[in-house]
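Enquirer: Just one file: my_file-v1.cif, with mmCIF, C-alpha atoms.
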```cif
data_upload
loop_
_atom_site.group_PDB
_atom_site.id
_atom_site.type_symbol
_atom_site.label_atom_id
_atom_site.label_comp_id
_atom_site.auth_asym_id
_atom_site.auth_seq_id
_atom_site.Cartn_x
_atom_site.Cartn_y
_atom_site.Cartn_z
ATOM 1 C CA MET A 232 18.520 -19.574 3.255
ATOM 2 C CA ASN A 233 16.225 -22.498 2.438
ATOM 3 C CA ASP A 234 14.945 -23.427 -1.032
ATOM 4 C CA GLU A 235 11.502 -21.971 -0.354
ATOM 5 C CA ALA A 236 12.921 -18.569 0.556
ATOM 6 C CA THR A 237 15.272 -18.628 -2.424
ATOM 7 C CA GLU A 238 12.340 -19.272 -4.749
ATOM 8 C CA MET A 239 10.300 -16.455 -3.233
ATOM 9 C CA PHE A 240 13.177 -13.985 -3.467
ATOM 10 C CA ALA A 241 13.755 -14.925 -7.110
ATOM 11 C CA TYR A 242 10.047 -14.483 -7.817
ATOM 12 C CA TYR A 243 9.938 -10.953 -6.453
ATOM 13 C CA ASP A 244 13.130 -10.011 -8.274
ATOM 14 C CA ALA A 245 11.534 -11.227 -11.500
ATOM 15 C CA ARG A 246 8.346 -9.242 -10.842
ATOM 16 C CA ALA A 247 10.050 -5.961 -10.017
ATOM 17 C CA ASP A 248 9.417 -4.158 -13.307
ATOM 18 C CA GLY A 249 5.660 -4.680 -13.243
ATOM 19 C CA TYR A 250 5.019 -5.164 -9.548
ATOM 20 C CA ASP A 251 2.857 -2.078 -9.071
ATOM 21 C CA ASP A 252 0.495 -3.221 -11.845
ATOM 22 C CA PHE A 253 -0.877 -5.626 -9.234
ATOM 23 C CA TYR A 254 -2.507 -2.768 -7.328
ATOM 24 C CA GLN A 255 -4.499 -1.814 -10.423
ATOM 25 C CA GLY A 256 -5.712 -5.348 -11.091
ATOM 26 C CA ARG A 257 -3.088 -6.285 -13.669
ATOM 27 C CA GLY A 258 0.019 -8.458 -13.581
ATOM 28 C CA GLN A 259 -0.303 -11.064 -10.816
ATOM 29 C CA ALA A 260 -3.832 -10.026 -9.857
ATOM 30 C CA VAL A 261 -6.611 -12.600 -10.191
ATOM 31 C CA PRO A 262 -8.031 -11.590 -13.601
ATOM 32 C CA GLU A 263 -11.647 -12.260 -12.646
ATOM 33 C CA LEU A 264 -11.292 -9.843 -9.703
ATOM 34 C CA ALA A 265 -9.356 -7.143 -11.562
ATOM 35 C CA ALA A 266 -11.827 -4.371 -10.698
ATOM 36 C CA GLU A 267 -11.433 -5.043 -6.967
ATOM 37 C CA TYR A 268 -7.719 -4.240 -6.712
ATOM 38 C CA PRO A 269 -7.842 -0.458 -7.250
ATOM 39 C CA VAL A 270 -10.834 -0.265 -4.903
ATOM 40 C CA ASP A 271 -8.967 -2.090 -2.163
ATOM 41 C CA SER A 272 -5.738 -0.186 -2.826
ATOM 42 C CA ALA A 273 -7.646 3.033 -2.201
ATOM 43 C CA GLY A 274 -9.264 1.580 0.921
ATOM 44 C CA VAL A 275 -5.936 0.496 2.407
ATOM 45 C CA SER A 276 -4.366 3.847 1.509
ATOM 46 C CA SER A 277 -7.125 5.622 3.392
ATOM 47 C CA LEU A 278 -6.513 3.445 6.459
ATOM 48 C CA LEU A 279 -2.778 4.228 6.290
ATOM 49 C CA SER A 280 -3.237 7.956 5.737
ATOM 50 C CA SER A 281 -2.815 8.660 9.465
ATOM 51 C CA PHE A 282 -0.313 5.857 10.126
ATOM 52 C CA GLY A 283 3.399 6.212 10.615
ATOM 53 C CA ARG A 284 4.106 9.123 12.909
ATOM 54 C CA GLY A 285 7.618 9.149 14.289
ATOM 55 C CA ASP A 286 10.311 6.706 13.166
ATOM 56 C CA VAL A 287 8.864 4.039 10.879
ATOM 57 C CA LEU A 288 10.154 0.669 9.721
ATOM 58 C CA ASP A 289 8.811 -0.845 6.482
ATOM 59 C CA LEU A 290 9.869 -4.501 6.243
ATOM 60 C CA ALA A 291 9.751 -6.230 2.848
ATOM 61 C CA CYS A 292 8.917 -2.784 1.479
ATOM 62 C CA GLY A 293 9.011 -3.748 -2.192
ATOM 63 C CA THR A 294 8.602 -0.682 -4.377
ATOM 64 C CA GLY A 295 7.408 1.393 -1.418
ATOM 65 C CA PHE A 296 3.874 1.544 -2.798
ATOM 66 C CA TRP A 297 2.260 2.513 0.530
ATOM 67 C CA LEU A 298 4.685 5.402 1.105
ATOM 68 C CA THR A 299 2.293 7.555 -0.868
ATOM 69 C CA ALA A 300 -0.248 7.049 1.918
ATOM 70 C CA TYR A 301 1.890 7.277 5.051
ATOM 71 C CA GLY A 302 5.257 8.806 4.136
ATOM 72 C CA GLY A 303 4.309 12.415 4.652
ATOM 73 C CA GLN A 304 3.833 12.120 8.401
ATOM 74 C CA CYS A 305 7.019 10.145 9.190
ATOM 75 C CA ARG A 306 9.934 11.695 11.021
ATOM 76 C CA SER A 307 12.064 9.000 9.420
ATOM 77 C CA VAL A 308 11.395 5.812 7.482
ATOM 78 C CA THR A 309 13.658 2.790 7.085
ATOM 79 C CA LEU A 310 12.739 0.594 4.117
ATOM 80 C CA VAL A 311 14.128 -2.942 4.001
ATOM 81 C CA ASP A 312 13.964 -5.439 1.148
ATOM 82 C CA GLN A 313 16.172 -8.220 -0.187
ATOM 83 C CA SER A 314 15.701 -7.228 -3.846
ATOM 84 C CA ALA A 315 17.949 -4.625 -5.449
ATOM 85 C CA ALA A 316 15.507 -4.371 -8.345
ATOM 86 C CA VAL A 317 12.530 -3.367 -6.228
ATOM 87 C CA LEU A 318 14.639 -1.038 -4.084
ATOM 88 C CA THR A 319 15.639 0.831 -7.248
ATOM 89 C CA ARG A 320 11.950 1.496 -7.854
ATOM 90 C CA CYS A 321 11.418 2.294 -4.197
ATOM 91 C CA GLN A 322 14.153 4.933 -4.383
ATOM 92 C CA ARG A 323 12.370 6.551 -7.318
ATOM 93 C CA ARG A 324 9.191 6.715 -5.271
ATOM 94 C CA VAL A 325 11.069 8.200 -2.324
ATOM 95 C CA ASP A 326 12.495 10.875 -4.630
ATOM 96 C CA ASP A 327 9.153 11.579 -6.309
ATOM 97 C CA LEU A 328 7.519 12.074 -2.898
ATOM 98 C CA GLY A 329 10.286 14.371 -1.667
ATOM 99 C CA LEU A 330 11.247 11.993 1.153
ATOM 100 C CA ARG A 331 14.959 11.557 0.454
ATOM 101 C CA ASP A 332 15.998 13.538 3.553
ATOM 102 C CA ARG A 333 14.090 11.208 5.873
ATOM 103 C CA ALA A 334 14.277 7.821 4.121
ATOM 104 C CA GLN A 335 16.910 5.104 4.437
ATOM 105 C CA LEU A 336 16.835 2.099 2.081
ATOM 106 C CA ILE A 337 18.538 -1.096 3.215
ATOM 107 C CA ARG A 338 19.023 -4.198 1.123
ATOM 108 C CA GLY A 339 18.991 -7.453 3.055
ATOM 109 C CA ASP A 340 17.030 -10.347 4.497
ATOM 110 C CA LEU A 341 14.737 -8.872 7.131
ATOM 111 C CA PHE A 342 15.699 -11.666 9.540
ATOM 112 C CA GLU A 343 19.407 -10.913 9.214
ATOM 113 C CA VAL A 344 19.890 -7.232 8.401
ATOM 114 C CA ALA A 345 21.366 -5.098 11.203
ATOM 115 C CA LEU A 346 18.776 -2.741 12.690
ATOM 116 C CA PRO A 347 18.914 -0.805 15.988
ATOM 117 C CA ASP A 348 16.970 -2.097 18.988
ATOM 118 C CA ARG A 349 13.862 -0.249 20.150
ATOM 119 C CA ALA A 350 14.344 2.454 17.536
ATOM 120 C CA TYR A 351 10.935 2.516 15.813
ATOM 121 C CA ASP A 352 7.529 3.960 16.653
ATOM 122 C CA ALA A 353 5.708 2.071 13.908
ATOM 123 C CA CYS A 354 6.199 -0.803 11.489
ATOM 124 C CA LEU A 355 4.485 -1.774 8.249
ATOM 125 C CA LEU A 356 4.346 -5.380 7.036
ATOM 126 C CA GLY A 357 3.007 -5.438 3.484
ATOM 127 C CA PHE A 358 2.238 -8.828 1.886
ATOM 128 C CA LEU A 359 4.843 -10.496 4.076
ATOM 129 C CA VAL A 360 3.144 -12.606 6.743
ATOM 130 C CA SER A 361 1.174 -14.554 4.134
ATOM 131 C CA HIS A 362 4.413 -15.937 2.640
ATOM 132 C CA LEU A 363 5.975 -17.182 5.882
ATOM 133 C CA PRO A 364 5.761 -20.637 7.459
ATOM 134 C CA ASP A 365 4.729 -20.693 11.117
ATOM 135 C CA ALA A 366 8.276 -20.822 12.467
ATOM 136 C CA GLN A 367 9.221 -17.692 10.551
ATOM 137 C CA VAL A 368 6.070 -15.895 11.686
ATOM 138 C CA GLU A 369 7.205 -16.554 15.254
ATOM 139 C CA ALA A 370 10.700 -15.332 14.419
ATOM 140 C CA LEU A 371 9.303 -12.198 12.775
ATOM 141 C CA PHE A 372 7.299 -11.156 15.819
ATOM 142 C CA THR A 373 10.203 -11.943 18.124
ATOM 143 C CA ARG A 374 12.331 -9.604 16.041
ATOM 144 C CA LEU A 375 9.633 -6.915 16.021
ATOM 145 C CA HIS A 376 9.479 -6.877 19.805
ATOM 146 C CA GLY A 377 13.196 -6.139 19.841
ATOM 147 C CA LEU A 378 12.958 -3.367 17.252
ATOM 148 C CA LEU A 379 9.817 -1.501 18.334
ATOM 149 C CA ARG A 380 9.453 1.021 21.114
ATOM 150 C CA PRO A 381 6.819 0.571 23.837
ATOM 151 C CA HIS A 382 3.248 0.909 22.550
ATOM 152 C CA ALA A 383 4.447 1.127 18.947
ATOM 153 C CA GLU A 384 1.963 0.804 16.111
ATOM 154 C CA LEU A 385 1.918 -2.052 13.613
ATOM 155 C CA ALA A 386 0.129 -2.113 10.262
ATOM 156 C CA VAL A 387 -0.314 -5.383 8.390
ATOM 157 C CA VAL A 388 -1.482 -5.297 4.766
ATOM 158 C CA ASP A 389 -2.065 -8.627 3.097
ATOM 159 C CA SER A 390 -4.283 -10.788 0.915
ATOM 160 C CA VAL A 391 -7.767 -11.452 2.249
ATOM 161 C CA TRP A 392 -9.682 -14.709 2.225
ATOM 162 C CA SER A 393 -13.093 -13.764 0.849
ATOM 163 C CA GLU A 394 -16.008 -15.376 -0.913
ATOM 164 C CA ALA A 395 -14.952 -13.472 -4.025
ATOM 165 C CA ARG A 396 -11.503 -15.077 -3.941
ATOM 166 C CA ARG A 397 -12.595 -18.608 -2.996
ATOM 167 C CA PRO A 398 -13.199 -19.901 -6.576
ATOM 168 C CA TYR A 399 -9.677 -18.959 -7.675
ATOM 169 C CA ARG A 400 -7.291 -19.789 -4.814
ATOM 170 C CA ARG A 401 -6.641 -22.271 -2.022
ATOM 171 C CA ARG A 402 -6.671 -20.730 1.423
ATOM 172 C CA ASP A 403 -3.220 -21.959 2.428
ATOM 173 C CA GLY A 404 -0.502 -23.780 0.522
ATOM 174 C CA MET A 405 1.978 -23.559 -2.326
ATOM 175 C CA GLU A 406 0.950 -21.594 -5.430
ATOM 176 C CA ALA A 407 2.376 -21.626 -8.945
ATOM 177 C CA ARG A 408 2.908 -18.068 -10.202
ATOM 178 C CA PRO A 409 3.543 -17.828 -13.963
ATOM 179 C CA LEU A 410 5.181 -14.709 -15.399
ATOM 180 C CA PRO A 411 4.822 -13.232 -18.895
ATOM 181 C CA ASP A 412 8.338 -14.319 -19.845
ATOM 182 C CA GLY A 413 7.352 -17.976 -19.455
ATOM 183 C CA ARG A 414 8.962 -18.649 -16.087
ATOM 184 C CA THR A 415 6.873 -20.084 -13.259
ATOM 185 C CA PHE A 416 7.687 -19.791 -9.561
ATOM 186 C CA THR A 417 6.153 -21.754 -6.717
ATOM 187 C CA ILE A 418 5.655 -19.806 -3.505
ATOM 188 C CA ARG A 419 3.952 -20.225 -0.151
ATOM 189 C CA LYS A 420 0.752 -18.218 0.223
ATOM 190 C CA ARG A 421 -1.843 -17.930 2.968
ATOM 191 C CA TYR A 422 -4.995 -15.812 2.881
ATOM 192 C CA PHE A 423 -6.384 -14.196 6.037
ATOM 193 C CA ASP A 424 -9.847 -13.208 7.151
ATOM 194 C CA ARG A 425 -10.175 -10.472 9.768
ATOM 195 C CA PRO A 426 -10.708 -12.687 12.859
ATOM 196 C CA GLU A 427 -7.736 -14.857 11.925
ATOM 197 C CA LEU A 428 -5.391 -11.920 11.356
ATOM 198 C CA GLU A 429 -6.506 -10.087 14.487
ATOM 199 C CA ALA A 430 -6.079 -13.287 16.526
ATOM 200 C CA LEU A 431 -2.554 -13.720 15.160
ATOM 201 C CA LEU A 432 -1.683 -10.172 16.173
ATOM 202 C CA ALA A 433 -3.200 -10.616 19.623
ATOM 203 C CA GLN A 434 -1.221 -13.815 20.097
ATOM 204 C CA HIS A 435 1.938 -11.785 19.589
ATOM 205 C CA GLY A 436 1.040 -8.853 21.822
ATOM 206 C CA PHE A 437 -0.697 -6.404 19.472
ATOM 207 C CA GLN A 438 -4.231 -5.105 20.005
ATOM 208 C CA SER A 439 -6.142 -4.288 16.817
ATOM 209 C CA GLU A 440 -7.486 -0.744 16.605
ATOM 210 C CA SER A 441 -8.801 -0.294 13.055
ATOM 211 C CA HIS A 442 -9.089 -2.251 9.838
ATOM 212 C CA TYR A 443 -10.001 -2.368 6.176
ATOM 213 C CA VAL A 444 -11.431 -5.542 4.645
ATOM 214 C CA GLY A 445 -12.102 -5.766 0.916
ATOM 215 C CA ASN A 446 -12.496 -8.586 -1.563
ATOM 216 C CA VAL A 447 -8.769 -8.905 -2.315
ATOM 217 C CA PHE A 448 -6.877 -6.962 0.386
ATOM 218 C CA ILE A 449 -7.061 -6.755 4.155
ATOM 219 C CA ALA A 450 -5.299 -4.265 6.426
ATOM 220 C CA VAL A 451 -5.210 -4.056 10.214
ATOM 221 C CA ARG A 452 -3.662 -1.344 12.356
ATOM 222 C CA ALA A 453 -2.729 -2.531 15.841
ATOM 223 C CA ARG A 454 -0.934 -1.246 18.923
ATOM 224 C CA ARG A 455 1.742 -3.035 20.911
ATOM 225 C CA ASN A 456 0.391 -3.873 24.368
ATOM 226 C CA ILE A 457 3.599 -2.959 26.188
#
```
Is it possible to express this structure as structure tokens?
Expert:
Amino acid sequence: MNDEATEMFAYYDARADGYDDFYQGRGQAVPELAAEYPVDSAGVSSLLSSFGRGDVLDLACGTGFWLTAYGGQCRSVTLVDQSAAVLTRCQRRVDDLGLRDRAQLIRGDLFEVALPDRAYDACLLGFLVSHLPDAQVEALFTRLHGLLRPHAELAVVDSVWSEARRPYRRRDGMEARPLPDGRTFTIRKRYFDRPELEALLAQHGFQSESHYVGNVFIAVRARRNI
């Protein structure tokens, strides 16, 4: 594991207790855009409300926030994250939603954890691609093609590049993320507009079918071409 990945993992471990505050415009949200986060959370949830039929893989699942939107229609869901702290909160969400009989939580690096080949009908990537350097993006999609069944569905939820965000963030680079306890972490972050994200998916064999674009979040649902 390189230093950049170690820093990112430590950051998300440190944020675990208050991670979901982000979706309501608190915590690590841009303060000036606080009102936009619950709006976009609702918009993404609506887009995901018909996602995830069959056997679903949620990589870098965090606290499982989007399970509330898609979990009810899954036959099974496998949730992978490197952080024990966030998986503890994810398990609570699984239990609260009555999904324990169909959910499996796995702790590990998504590039290394053992997962069965061609076992999944759908995959969710939430706030993952924006943290990866180009080489790891390539590695991620290579792994997805080994894990997904033919014509599987992919949903990508991430941070959007918008005119609303422009005054407060750089489009691509390293960001300092201070926490309330005084620690500061430096992580890689990239913001996507819709054409850029859809082009990235197309490059890796996924055809976009529907989308949500807000002022802080973007989500695209796409289908594997083969």
Enquirer: Applying the PyMOL selection byres ((chain A and resi 276-282) around 9) to the file I just gave you, which residues come out? Please list them as a list in words.
Expert: Asp271, Ser272, Ala273, Gly274, Val275, Gly283, Arg284, Trp297, Thr299, Ala300, Tyr301, Gly302, Gly303, Gln304, Cys305, Ala353, Glu384, Leu385, Ala386, Ser441, His442, Tyr443, Ala450, Val451 and Arg452 of chain A
Enquirer: (0.2, -18.8, -0.3) in this file's frame - what residues fall within 10 Å of it? Use all atoms listed in the file and give the answer as number ranges by chain.
Expert: A: 360-364, 390, 400-407, 417-422
Enquirer: Given the file above and the PyMOL selection byres ((chain A and resi 355) around 7), which residues are selected, and can you give them as a compact mmCIF listing (two decimals) with C-alpha atoms, keeping the file's coordinate frame?
Expert:
```
# COMPACT_ATOMS: atom_id res chain seq x y z
CA LEU A 288 10.15 0.67 9.72
CA ASP A 289 8.81 -0.84 6.48
CA LEU A 290 9.87 -4.50 6.24
CA ALA A 353 5.71 2.07 13.91
CA CYS A 354 6.20 -0.80 11.49
CA LEU A 356 4.35 -5.38 7.04
CA GLY A 357 3.01 -5.44 3.48
CA LEU A 385 1.92 -2.05 13.61
CA ALA A 386 0.13 -2.11 10.26
CA VAL A 387 -0.31 -5.38 8.39
```
Enquirer: Report, in Å with one decimal, the straight-line distance from atom CA of A:Ala370 to atom CA of A:Phe423.
Expert: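 If I compute the distance from atom CA of A:Ala370 to atom CA of A:Phe423, I get 19.1 Å.
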Enquirer: Return as AutoDock Vina command-line options the centre and edge lengths, in Å with one decimal, of the box along x, y and z that encloses every atom of stretch 378-381 of chain A in the file, padded by 4 Å per side.
Expert:
```
--center_x 9.9 --center_y -1.2 --center_z 20.5 --size_x 14.1 --size_y 12.4 --size_z 14.6
```
Enquirer: Do you know which residues are at most 8 Å from A:Val391 counting only C-alpha atoms, after dropping those on the same chain fewer than 4 positions away, and could you put them as a PyMOL selection string?
Expert: chain A and resi 422-425+444-449
Enquirer: Between atom CA of A:Gln335 and atom CA of A:Val308, measure the distance and give it in Å to one decimal.
Expert: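 Computing the Euclidean distance for atom CA of A:Gln335 and atom CA of A:Val308 yields 6.3 Å.
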Enquirer: How would you write, as a list in words, the residues chosen by the PyMOL selection byres ((chain A and resi 415) around 12) on this structure?
Expert: Glu238, Met239, Ala241, Tyr242, Tyr243, Ala245, Arg246, Gln259, Glu406, Ala407, Arg408, Pro409, Leu410, Pro411, Asp412, Gly413, Arg414, Phe416, Thr417 and Ile418 of chain A
Enquirer: Ranking A:Asp234, A:Glu440, A:Asp312, A:Glu394 by minimum distance to A:Glu343 and counting only C-alpha atoms, which one comes first?
Expert: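 Using only C-alpha atoms, the shortest distance to A:Glu343 belongs to A:Asp312.
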Enquirer: Which residue gives the smallest distance to A:Glu369 among A:Cys321, A:Ala395, A:Gly329, A:Gly436, with all atoms listed in the file counted?
Expert: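 Closest residue, counting all atoms listed in the file: A:Gly436.
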Enquirer: Using atom CA of A:Asp251 and atom CA of A:Arg374 as the two end points, give the distance in Å to one decimal.
Expert: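 Between atom CA of A:Asp251 and atom CA of A:Arg374 the gap is 27.9 Å.
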Enquirer: When distances are computed from only C-alpha atoms, which of A:Arg324, A:Ala350, A:Val388, A:Arg397 shows the smallest separation from A:Leu375?
Expert: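 The shortest atom-to-atom distance to A:Leu375 comes from A:Ala350.
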